[in-house]
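What follows is protein.cif (mmCIF, C-alpha atoms, pLDDT in the B column; chains and numbers go by the auth columns).
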```cif
data_run
#
loop_
_atom_site.group_PDB
_atom_site.id
_atom_site.type_symbol
_atom_site.label_atom_id
_atom_site.label_comp_id
_atom_site.label_asym_id
_atom_site.label_seq_id
_atom_site.Cartn_x
_atom_site.Cartn_y
_atom_site.Cartn_z
_atom_site.B_iso_or_equiv
_atom_site.auth_seq_id
_atom_site.auth_asym_id
ATOM 1 C CA MET A 1 -8.071 -0.238 -13.492 48.00 29 A
ATOM 2 C CA VAL A 2 -10.094 0.108 -10.268 46.00 30 A
ATOM 3 C CA GLY A 3 -11.645 -3.329 -10.795 51.00 31 A
ATOM 4 C CA ASP A 4 -8.222 -4.774 -11.558 57.00 32 A
ATOM 5 C CA VAL A 5 -6.788 -3.319 -8.340 49.00 33 A
ATOM 6 C CA TYR A 6 -9.747 -4.644 -6.364 48.00 34 A
ATOM 7 C CA GLU A 7 -9.262 -8.140 -7.834 58.00 35 A
ATOM 8 C CA TYR A 8 -5.540 -8.040 -7.010 50.00 36 A
ATOM 9 C CA ALA A 9 -6.169 -6.988 -3.394 49.00 37 A
ATOM 10 C CA SER A 10 -8.984 -9.533 -3.025 51.00 38 A
ATOM 11 C CA ALA A 11 -6.704 -12.278 -4.360 52.00 39 A
ATOM 12 C CA ALA A 12 -4.060 -11.291 -1.820 47.00 40 A
ATOM 13 C CA LEU A 13 -6.522 -11.620 1.032 48.00 41 A
ATOM 14 C CA ALA A 14 -7.938 -14.900 -0.268 48.00 42 A
ATOM 15 C CA SER A 15 -4.486 -16.431 -0.708 54.00 43 A
ATOM 16 C CA GLY A 16 -3.326 -15.322 2.727 61.00 44 A
ATOM 17 C CA MET A 17 -0.578 -13.198 1.175 66.00 45 A
ATOM 18 C CA SER A 18 0.201 -9.942 2.901 86.00 46 A
ATOM 19 C CA MET A 19 -0.005 -6.519 1.309 95.00 47 A
ATOM 20 C CA PHE A 20 3.160 -4.480 1.787 97.00 48 A
ATOM 21 C CA ARG A 21 3.091 -0.677 1.697 98.00 49 A
ATOM 22 C CA ILE A 22 5.660 1.258 -0.332 98.00 50 A
ATOM 23 C CA TYR A 23 6.759 4.774 0.635 98.00 51 A
ATOM 24 C CA SER A 24 8.750 7.604 -0.914 98.00 52 A
ATOM 25 C CA GLY A 25 10.061 9.366 2.156 98.00 53 A
ATOM 26 C CA ALA A 26 7.004 9.693 4.408 97.00 54 A
ATOM 27 C CA THR A 27 4.542 9.551 1.491 98.00 55 A
ATOM 28 C CA TRP A 28 2.628 6.340 0.832 98.00 56 A
ATOM 29 C CA VAL A 29 2.923 5.637 -2.910 98.00 57 A
ATOM 30 C CA GLY A 30 1.373 2.173 -3.262 98.00 58 A
ATOM 31 C CA THR A 31 1.161 -1.468 -2.266 97.00 59 A
ATOM 32 C CA SER A 32 2.340 -4.882 -3.417 97.00 60 A
ATOM 33 C CA ARG A 33 1.988 -8.488 -2.356 96.00 61 A
ATOM 34 C CA LEU A 34 5.690 -8.973 -3.188 97.00 62 A
ATOM 35 C CA GLU A 35 4.521 -12.279 -4.544 95.00 63 A
ATOM 36 C CA TYR A 36 7.820 -13.409 -6.104 96.00 64 A
ATOM 37 C CA GLY A 37 11.219 -13.881 -4.593 95.00 65 A
ATOM 38 C CA ASP A 38 14.805 -15.029 -4.785 94.00 66 A
ATOM 39 C CA PRO A 39 15.697 -16.094 -1.227 95.00 67 A
ATOM 40 C CA PRO A 40 19.468 -16.580 -1.740 94.00 68 A
ATOM 41 C CA MET A 41 19.698 -13.019 -3.073 95.00 69 A
ATOM 42 C CA GLY A 42 17.363 -11.625 -0.404 96.00 70 A
ATOM 43 C CA VAL A 43 15.062 -10.227 -3.094 97.00 71 A
ATOM 44 C CA SER A 44 11.295 -10.019 -3.148 98.00 72 A
ATOM 45 C CA PHE A 45 9.314 -8.355 -5.899 97.00 73 A
ATOM 46 C CA GLY A 46 5.845 -8.123 -7.326 97.00 74 A
ATOM 47 C CA ARG A 47 3.170 -6.145 -9.040 97.00 75 A
ATOM 48 C CA PHE A 48 2.889 -2.577 -7.752 98.00 76 A
ATOM 49 C CA ILE A 49 -0.509 -0.985 -7.236 97.00 77 A
ATOM 50 C CA PRO A 50 -0.119 2.815 -7.214 97.00 78 A
ATOM 51 C CA GLY A 51 -1.544 4.862 -4.378 97.00 79 A
ATOM 52 C CA LEU A 52 -2.391 8.551 -4.235 94.00 80 A
ATOM 53 C CA GLY A 53 1.231 9.649 -3.767 97.00 81 A
ATOM 54 C CA TYR A 54 2.571 7.756 -6.787 98.00 82 A
ATOM 55 C CA SER A 55 1.869 10.539 -9.281 97.00 83 A
ATOM 56 C CA ALA A 56 4.615 12.659 -7.659 98.00 84 A
ATOM 57 C CA ILE A 57 7.294 10.051 -8.504 98.00 85 A
ATOM 58 C CA GLN A 58 5.773 8.335 -11.542 97.00 86 A
ATOM 59 C CA ALA A 59 7.965 10.032 -14.162 96.00 87 A
ATOM 60 C CA GLU A 60 11.097 8.989 -12.292 96.00 88 A
ATOM 61 C CA CYS A 61 9.838 5.389 -12.068 97.00 89 A
ATOM 62 C CA LYS A 62 9.071 5.311 -15.803 96.00 90 A
ATOM 63 C CA TRP A 63 12.340 6.755 -17.067 96.00 91 A
ATOM 64 C CA ASN A 64 14.963 6.116 -14.397 94.00 92 A
ATOM 65 C CA HIS A 65 15.621 2.409 -13.965 93.00 93 A
ATOM 66 C CA GLN A 66 19.219 2.940 -12.798 94.00 94 A
ATOM 67 C CA ASP A 67 19.368 4.872 -9.519 95.00 95 A
ATOM 68 C CA GLN A 68 16.240 5.842 -7.621 97.00 96 A
ATOM 69 C CA SER A 69 17.982 6.646 -4.334 96.00 97 A
ATOM 70 C CA ASN A 70 16.750 10.249 -4.551 97.00 98 A
ATOM 71 C CA LEU A 71 13.174 8.923 -4.130 98.00 99 A
ATOM 72 C CA HIS A 72 14.003 7.546 -0.645 98.00 100 A
ATOM 73 C CA LEU A 73 11.886 4.440 -1.261 98.00 101 A
ATOM 74 C CA SER A 74 11.097 2.006 1.524 98.00 102 A
ATOM 75 C CA ALA A 75 8.804 -0.950 2.109 98.00 103 A
ATOM 76 C CA LYS A 76 6.775 -1.628 5.232 98.00 104 A
ATOM 77 C CA THR A 77 5.264 -4.835 6.524 96.00 105 A
ATOM 78 C CA PRO A 78 1.496 -5.077 7.029 94.00 106 A
ATOM 79 C CA SER A 79 2.131 -4.232 10.690 95.00 107 A
ATOM 80 C CA GLY A 80 3.955 -1.027 9.701 96.00 108 A
ATOM 81 C CA GLU A 81 7.563 -2.055 10.335 97.00 109 A
ATOM 82 C CA ILE A 82 10.166 -0.927 7.811 97.00 110 A
ATOM 83 C CA ILE A 83 11.785 -3.833 5.970 97.00 111 A
ATOM 84 C CA ARG A 84 15.539 -3.510 6.433 97.00 112 A
ATOM 85 C CA CYS A 85 17.051 -3.890 2.983 97.00 113 A
ATOM 86 C CA ALA A 86 19.705 -2.588 0.590 97.00 114 A
ATOM 87 C CA GLY A 87 17.157 -0.752 -1.522 97.00 115 A
ATOM 88 C CA VAL A 88 13.718 -0.504 -3.093 98.00 116 A
ATOM 89 C CA SER A 89 12.930 0.327 -6.715 98.00 117 A
ATOM 90 C CA ILE A 90 9.750 0.857 -8.701 98.00 118 A
ATOM 91 C CA LEU A 91 9.980 0.157 -12.415 97.00 119 A
ATOM 92 C CA GLU A 92 7.215 1.164 -14.791 97.00 120 A
ATOM 93 C CA ALA A 93 7.315 0.050 -18.430 93.00 121 A
ATOM 94 C CA ASN A 94 4.685 -0.777 -21.037 92.00 122 A
ATOM 95 C CA GLY A 95 1.853 -0.166 -18.583 89.00 123 A
ATOM 96 C CA ASP A 96 3.195 -2.651 -16.027 95.00 124 A
ATOM 97 C CA ILE A 97 4.607 -1.522 -12.705 98.00 125 A
ATOM 98 C CA GLU A 98 6.862 -3.699 -10.552 98.00 126 A
ATOM 99 C CA VAL A 99 8.395 -3.038 -7.161 98.00 127 A
ATOM 100 C CA ASN A 100 11.639 -4.708 -6.054 98.00 128 A
ATOM 101 C CA VAL A 101 12.913 -4.975 -2.487 98.00 129 A
ATOM 102 C CA LEU A 102 16.599 -5.898 -2.616 97.00 130 A
ATOM 103 C CA GLY A 103 19.084 -7.236 -0.096 97.00 131 A
ATOM 104 C CA ILE A 104 16.824 -8.385 2.743 97.00 132 A
ATOM 105 C CA SER A 105 18.861 -10.241 5.382 94.00 133 A
ATOM 106 C CA HIS A 106 18.236 -13.979 5.753 88.00 134 A
ATOM 107 C CA PRO A 107 16.519 -14.184 9.117 91.00 135 A
ATOM 108 C CA GLU A 108 14.106 -11.374 8.298 95.00 136 A
ATOM 109 C CA TYR A 109 13.544 -12.689 4.755 96.00 137 A
ATOM 110 C CA ALA A 110 12.494 -16.116 6.035 95.00 138 A
ATOM 111 C CA GLU A 111 10.071 -14.514 8.513 95.00 139 A
ATOM 112 C CA LEU A 112 8.505 -12.190 5.949 95.00 140 A
ATOM 113 C CA PHE A 113 8.433 -14.547 2.972 95.00 141 A
ATOM 114 C CA PRO A 114 8.226 -18.156 4.194 94.00 142 A
ATOM 115 C CA ARG A 115 6.389 -19.178 1.011 93.00 143 A
ATOM 116 C CA HIS A 116 9.296 -17.967 -1.164 93.00 144 A
ATOM 117 C CA VAL A 117 11.743 -19.914 0.995 92.00 145 A
ATOM 118 C CA ARG A 118 9.623 -23.107 0.839 91.00 146 A
ATOM 119 C CA GLN A 119 9.313 -22.837 -2.947 91.00 147 A
ATOM 120 C CA TYR A 120 13.053 -22.306 -3.318 89.00 148 A
ATOM 121 C CA GLU A 121 13.912 -25.240 -1.045 88.00 149 A
ATOM 122 C CA ALA A 122 11.471 -27.493 -2.919 87.00 150 A
ATOM 123 C CA SER A 123 13.061 -26.441 -6.215 83.00 151 A
ATOM 124 C CA VAL A 124 16.561 -27.171 -4.969 81.00 152 A
ATOM 125 C CA HIS A 125 15.425 -30.505 -3.550 71.00 153 A
ATOM 126 C CA SER A 126 13.780 -31.552 -6.831 74.00 154 A
ATOM 127 C CA GLN A 127 16.895 -30.564 -8.795 71.00 155 A
ATOM 128 C CA ARG A 128 19.022 -32.760 -6.531 73.00 156 A
ATOM 129 C CA GLN A 129 16.633 -35.681 -7.115 69.00 157 A
ATOM 130 C CA ALA A 130 16.980 -35.382 -10.904 62.00 158 A
#
```
For this file, write the structure as C-alpha cells.
Amino acid sequence: MVGDVYEYASAALASGMSMFRIYSGATWVGTSRLEYGDPPMGVSFGRFIPGLGYSAIQAECKWNHQDQSNLHLSAKTPSGEIIRCAGVSILEANGDIEVNVLGISHPEYAELFPRHVRQYEASVHSQRQA
C-alpha cells in the first residue's frame, strides 16, 4: 500500500494535479487529487488516500454511505483554504476508498477544477457536432 500511495502522489505531481486535504473536524484524515468531476452538478471526486486520522472514522466510512454529517468532513485546497460546498463524503467498499465533494458553486468550481470544466465543455461540444 505504501508504494501504491507513493505512486499516486507522484502521479499527481507529475500531472500537475493538486492534492486536496480532507478533514474530519480539525483532524486531517487523508488526501485526494479529486481527479474526476461533474461541473454542472458542482461535484468533484476521486481516490482517497487515508492519513493518520482516518482510522478514527474508518468504520463509519465503510458502513454508513447515507449521512456522514456527524463526521464534520471538509476539503481544503493545497493552499489550505476550505472548499465551500454542500458536503463531503468518504465511501469505502471492497478495498477502494473514494471521496466526494458535492455542491461546489460555479465560480469556485471553475477556479479549482479547470481541467474538469474543459473536459466537460469539450464533451458537450463534440456531442453537438454529432
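Here atom CA of Gly70 of chain A and atom CA of Val129 of chain A stand 8.3 Å from one another.
Evaluated on this file, the PyMOL selection byres ((chain A and resi 86) around 12) matches Ser52, Val57, Gly58, Phe76, Pro78, Gly79, Leu80, Gly81, Tyr82, Ser83, Ala84, Ile85, Ala87, Glu88, Cys89, Lys90, Trp91, Asn92, His93, Gln96, Leu99, Ser117, Ile118, Leu119, Glu120, Ala121, Gly123 and Ile125 of chain A.
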Evaluate the PyMOL selection byres ((chain A and resi 69) around 8) here and jot the selected residues down as a ChimeraX atom specification.
/A:66-68,70-71,130-132
Written file, previous selection with C-alpha atoms, as a PDB file, keeping the file's coordinate frame:
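The file below, again_5.pdb, is the result:
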```
ATOM      1  CA  ASP A  66      14.805 -15.029  -4.785  1.00 94.00           C
ATOM      2  CA  PRO A  67      15.697 -16.094  -1.227  1.00 95.00           C
ATOM      3  CA  PRO A  68      19.468 -16.580  -1.740  1.00 94.00           C
ATOM      4  CA  GLY A  70      17.363 -11.625  -0.404  1.00 96.00           C
ATOM      5  CA  VAL A  71      15.062 -10.227  -3.094  1.00 97.00           C
ATOM      6  CA  LEU A 130      16.599  -5.898  -2.616  1.00 97.00           C
ATOM      7  CA  GLY A 131      19.084  -7.236  -0.096  1.00 97.00           C
ATOM      8  CA  ILE A 132      16.824  -8.385   2.743  1.00 97.00           C
TER       9      ILE A 132
END
```
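Closest to Ala114 of chain A among A:Arg156, A:Ser97, A:Gly53, A:Ile77 is A:Ser97, based on all atoms listed in the file.
The space separating atom CA of Ser133 of chain A from atom CA of Ile111 of chain A comes to 9.6 Å.
Against the coordinates shown, the PyMOL selection byres ((chain A and resi 102) around 8) returns Ile50, Tyr51, Ser52, Gly53, His100, Leu101, Ala103, Lys104, Ile110, Ile111, Gly115 and Val116 of chain A.
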Tell me, in Å to one decimal, how far atom CA of Trp56 of chain A is from atom CA of Ala138 of chain A.
25.1 Å
